[in-house]
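Raw start.txt, compact mmCIF, C-alpha atoms:
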# COMPACT_ATOMS: atom_id res chain seq x y z
CA MET A 1 -6.94 -11.99 6.44
CA LYS A 2 -5.11 -10.93 9.59
CA LEU A 3 -2.08 -9.54 7.76
CA GLY A 4 -4.31 -7.28 5.65
CA ARG A 5 -6.19 -5.99 8.69
CA GLU A 6 -2.93 -5.29 10.48
CA PHE A 7 -1.52 -3.44 7.48
CA LEU A 8 -4.68 -1.32 7.13
CA SER A 9 -4.63 -0.51 10.85
CA PHE A 10 -0.90 0.28 10.61
CA ALA A 11 -1.65 2.67 7.72
CA VAL A 12 -4.45 4.43 9.67
CA VAL A 13 -2.14 4.79 12.68
CA GLY A 14 0.47 6.12 10.25
CA VAL A 15 -1.91 8.91 9.23
CA ILE A 16 -2.27 9.87 12.89
CA GLY A 17 1.53 9.89 13.15
CA LEU A 18 1.71 12.00 9.99
CA VAL A 19 -0.55 14.64 11.56
CA VAL A 20 1.58 14.71 14.73
CA ASP A 21 4.70 14.93 12.58
CA VAL A 22 3.49 17.82 10.41
CA VAL A 23 2.01 19.85 13.27
CA LEU A 24 5.16 19.63 15.38
CA LEU A 25 7.38 20.25 12.38
CA TYR A 26 5.61 23.52 11.56
CA LEU A 27 5.59 24.58 15.22
CA LEU A 28 9.30 23.86 15.76
CA ALA A 29 10.79 24.85 12.39
CA PRO A 30 10.83 28.61 13.05
CA MET A 31 13.03 28.00 16.11
CA LEU A 32 15.11 25.01 14.99
CA GLY A 33 15.06 24.99 11.19
CA TRP A 34 13.42 22.43 8.92
CA TYR A 35 16.01 19.67 9.41
CA VAL A 36 16.43 19.62 13.20
CA ALA A 37 12.71 20.18 13.72
CA ARG A 38 12.05 17.17 11.48
CA VAL A 39 14.14 14.89 13.69
CA ILE A 40 12.14 15.92 16.77
CA SER A 41 8.78 15.75 15.00
CA PHE A 42 9.67 12.30 13.65
CA LEU A 43 10.50 11.02 17.15
CA ALA A 44 7.20 12.37 18.46
CA ALA A 45 5.33 10.74 15.57
CA ALA A 46 7.16 7.43 16.12
CA THR A 47 6.22 7.50 19.80
CA THR A 48 2.61 8.18 18.88
CA THR A 49 2.50 5.37 16.34
CA TRP A 50 4.15 2.95 18.78
CA ALA A 51 1.42 3.67 21.36
CA PHE A 52 -1.44 3.29 18.86
CA ASN A 53 0.05 0.24 17.15
CA ARG A 54 0.61 -1.37 20.53
CA ARG A 55 -2.97 -0.70 21.59
CA TYR A 56 -4.79 -1.42 18.32
CA THR A 57 -2.80 -2.85 15.41
CA PHE A 58 -0.77 -5.46 17.28
CA ALA A 59 -2.79 -5.74 20.51
CA THR A 60 -3.03 -9.53 20.26
CA ARG A 61 0.75 -9.76 19.92
CA VAL A 62 1.70 -7.58 22.90
CA SER A 63 3.21 -9.49 25.79
CA ALA A 64 2.11 -8.57 29.31
CA LYS A 65 5.35 -10.09 30.61
CA GLY A 66 7.87 -8.00 28.73
CA SER A 67 9.20 -4.58 29.65
CA ILE A 68 7.22 -1.78 28.05
CA TRP A 69 10.40 0.32 27.85
CA ARG A 70 12.29 -2.47 26.10
CA GLU A 71 9.43 -2.77 23.63
CA TYR A 72 9.36 1.01 23.07
CA PHE A 73 13.11 1.26 22.46
CA SER A 74 12.97 -1.86 20.28
CA TYR A 75 10.25 -0.19 18.23
CA LEU A 76 12.33 2.97 17.81
CA ALA A 77 15.44 0.95 16.93
CA THR A 78 13.65 -1.16 14.34
CA MET A 79 12.17 1.95 12.74
CA VAL A 80 15.69 3.01 11.69
CA ALA A 81 15.42 1.57 8.16
CA GLY A 82 12.08 3.28 7.63
CA ALA A 83 13.42 6.45 9.26
CA VAL A 84 16.35 6.61 6.84
CA LEU A 85 14.01 6.19 3.86
CA ASN A 86 11.58 8.66 5.42
CA TYR A 87 14.16 11.36 6.14
CA GLY A 88 15.85 10.90 2.76
CA ALA A 89 12.56 11.37 0.91
CA TYR A 90 11.81 14.41 3.11
CA VAL A 91 15.17 16.06 2.34
CA LEU A 92 14.87 15.35 -1.40
CA THR A 93 11.37 16.82 -1.43
CA LEU A 94 12.60 19.98 0.30
CA HIS A 95 15.29 20.32 -2.36
CA TRP A 96 12.96 19.73 -5.31
CA VAL A 97 9.73 21.42 -4.20
CA GLU A 98 9.32 25.03 -3.17
CA GLY A 99 6.48 26.67 -1.35
CA ARG A 100 4.71 26.82 1.93
CA TRP A 101 3.62 23.17 1.93
CA ALA A 102 6.87 21.62 0.70
CA ALA A 103 7.75 20.35 4.18
CA ALA A 104 4.30 18.78 4.68
CA LEU A 105 4.60 17.10 1.29
CA GLY A 106 8.05 15.89 2.29
CA VAL A 107 6.68 14.35 5.48
CA ALA A 108 3.93 12.60 3.51
CA VAL A 109 6.32 11.30 0.83
CA GLY A 110 8.74 10.20 3.54
CA SER A 111 6.01 8.41 5.47
CA ILE A 112 4.97 6.45 2.41
CA ALA A 113 8.61 5.63 1.60
CA GLY A 114 9.22 4.21 5.07
CA MET A 115 5.86 2.54 5.70
CA GLY A 116 6.64 -0.89 4.24
CA ALA A 117 9.93 -1.28 6.10
CA ASN A 118 8.35 -0.01 9.30
CA PHE A 119 5.37 -2.36 9.06
CA LEU A 120 7.53 -5.42 8.49
CA SER A 121 9.93 -4.57 11.30
CA ALA A 122 7.08 -3.78 13.73
CA ARG A 123 5.17 -6.96 12.89
CA PHE A 124 8.04 -9.41 12.76
CA LEU A 125 10.61 -7.93 15.15
CA VAL A 126 8.81 -5.88 17.83
CA PHE A 127 5.30 -7.34 18.00
CA ARG A 128 6.15 -10.97 17.15
CA SER A 129 3.59 -13.66 17.80
CA LYS A 130 4.07 -15.00 21.31

Take the structure in the file and give it back as structure tokens.
Amino acid sequence: MKLGREFLSFAVVGVIGLVVDVVLLYLLAPMLGWYVARVISFLAAATTTWAFNRRYTFATRVSAKGSIWREYFSYLATMVAGAVLNYGAYVLTLHWVEGRWAAALGVAVGSIAGMGANFLSARFLVFRSK
């Protein structure tokens, strides 16, 4: 089933985004703090997942005619619902869990919380069937 393959691919790409997110978060947090660093790391991860999803997950849905920048900004805009769930779960995790890996756990919990909303918005709003 195509939907299942797309969801699995979206999840694999999400793991790549998770790695980008966590690495940048831990690099930037000493300078910017856990909350500001998380906004930047999330944007970097979202950009990474957009590129991979465009190339692999939704490759058959990508239009050669449309503006790549419009698609990119559409992707970021439609990720807002998932981003709110993601960031909320991240903040709650930081408040409830202590220790060195609390932020990484927060990113993982947040990613899972936002994945469904992000998949649906990417599939049906950004990478619609042409």

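The environment of Leu27 (chain A) within 10 Å, counting only C-alpha atoms and disregarding residues fewer than 5 places along the same chain, consists of Val22, Leu32, Ala37 and Ser41 of chain A.
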
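Each of A:Met79, A:Leu18, A:Phe127, A:Ala45 was compared to Leu105 (chain A) using all atoms listed in the file, and A:Leu18 turns out to be the nearest.
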
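Minimum atom-to-atom distances from A:Trp34, A:Phe42, A:Trp101, A:Phe7 to Val20 (chain A) were compared using all atoms listed in the file, and the lowest value belongs to A:Phe42.
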
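Minimum atom-to-atom distance to Ala51 (chain A), evaluated using only C-alpha atoms, belongs to A:Leu76 out of A:Leu8, A:Ala113, A:Leu76, A:Val84.
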
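Taking all atoms listed in the file into account, Val15 (chain A) lies nearest to A:Phe52 out of the set A:Tyr90, A:Tyr35, A:Phe58, A:Phe52.
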
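What separates CA of Val23 (chain A) from CA of Arg123 (chain A) is a distance of 27.0 Å.
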
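Of the listed residues (A:Ala102, A:Ala108, A:Val91, A:Val62), A:Val91 comes nearest to Val39 (chain A); the distances count all atoms listed in the file.
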
Residue list as a PyMOL selection string for point (-2.2, -5.0, 21.4), cut-off 12 Å, all atoms listed in the file
chain A and resi 6+9+50-64+68+123+126-130

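Our summary of the geometry notes that CA of Met115 (chain A) is positioned 25.4 Å from CA of Gly66 (chain A).
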
Using all atoms listed in the file, find the one residue out of A:Asn86, A:Thr78, A:Ser111, A:Thr93 that sits nearest to Val13 (chain A).
A:Ser111

Which polymer residues have any atom within 9 Å of an atom of Leu85 (chain A), counting all atoms listed in the file, with same-chain residues fewer than 3 positions away left out, as a PDB file with C-alpha atoms, keeping the file's coordinate frame?
ATOM      1  CA  VAL A  80      15.690   3.010  11.690  1.00  0.00           C
ATOM      2  CA  ALA A  81      15.420   1.570   8.160  1.00  0.00           C
ATOM      3  CA  GLY A  82      12.080   3.280   7.630  1.00  0.00           C
ATOM      4  CA  GLY A  88      15.850  10.900   2.760  1.00  0.00           C
ATOM      5  CA  ALA A  89      12.560  11.370   0.910  1.00  0.00           C
ATOM      6  CA  TYR A  90      11.810  14.410   3.110  1.00  0.00           C
ATOM      7  CA  GLY A 110       8.740  10.200   3.540  1.00  0.00           C
ATOM      8  CA  SER A 111       6.010   8.410   5.470  1.00  0.00           C
ATOM      9  CA  ALA A 113       8.610   5.630   1.600  1.00  0.00           C
ATOM     10  CA  GLY A 114       9.220   4.210   5.070  1.00  0.00           C
ATOM     11  CA  ALA A 117       9.930  -1.280   6.100  1.00  0.00           C
TER      12      ALA A 117
END

Write out as a PDB file with C-alpha atoms, in the frame of the given file which residues come within 10 Å of Leu92 (chain A) when counting all atoms listed in the file, dropping same-chain ones fewer than 4 positions away.
ATOM      1  CA  TYR A  87      14.160  11.360   6.140  1.00  0.00           C
ATOM      2  CA  GLY A  88      15.850  10.900   2.760  1.00  0.00           C
ATOM      3  CA  TRP A  96      12.960  19.730  -5.310  1.00  0.00           C
ATOM      4  CA  VAL A  97       9.730  21.420  -4.200  1.00  0.00           C
ATOM      5  CA  GLY A 106       8.050  15.890   2.290  1.00  0.00           C
ATOM      6  CA  VAL A 109       6.320  11.300   0.830  1.00  0.00           C
ATOM      7  CA  GLY A 110       8.740  10.200   3.540  1.00  0.00           C
TER       8      GLY A 110
END
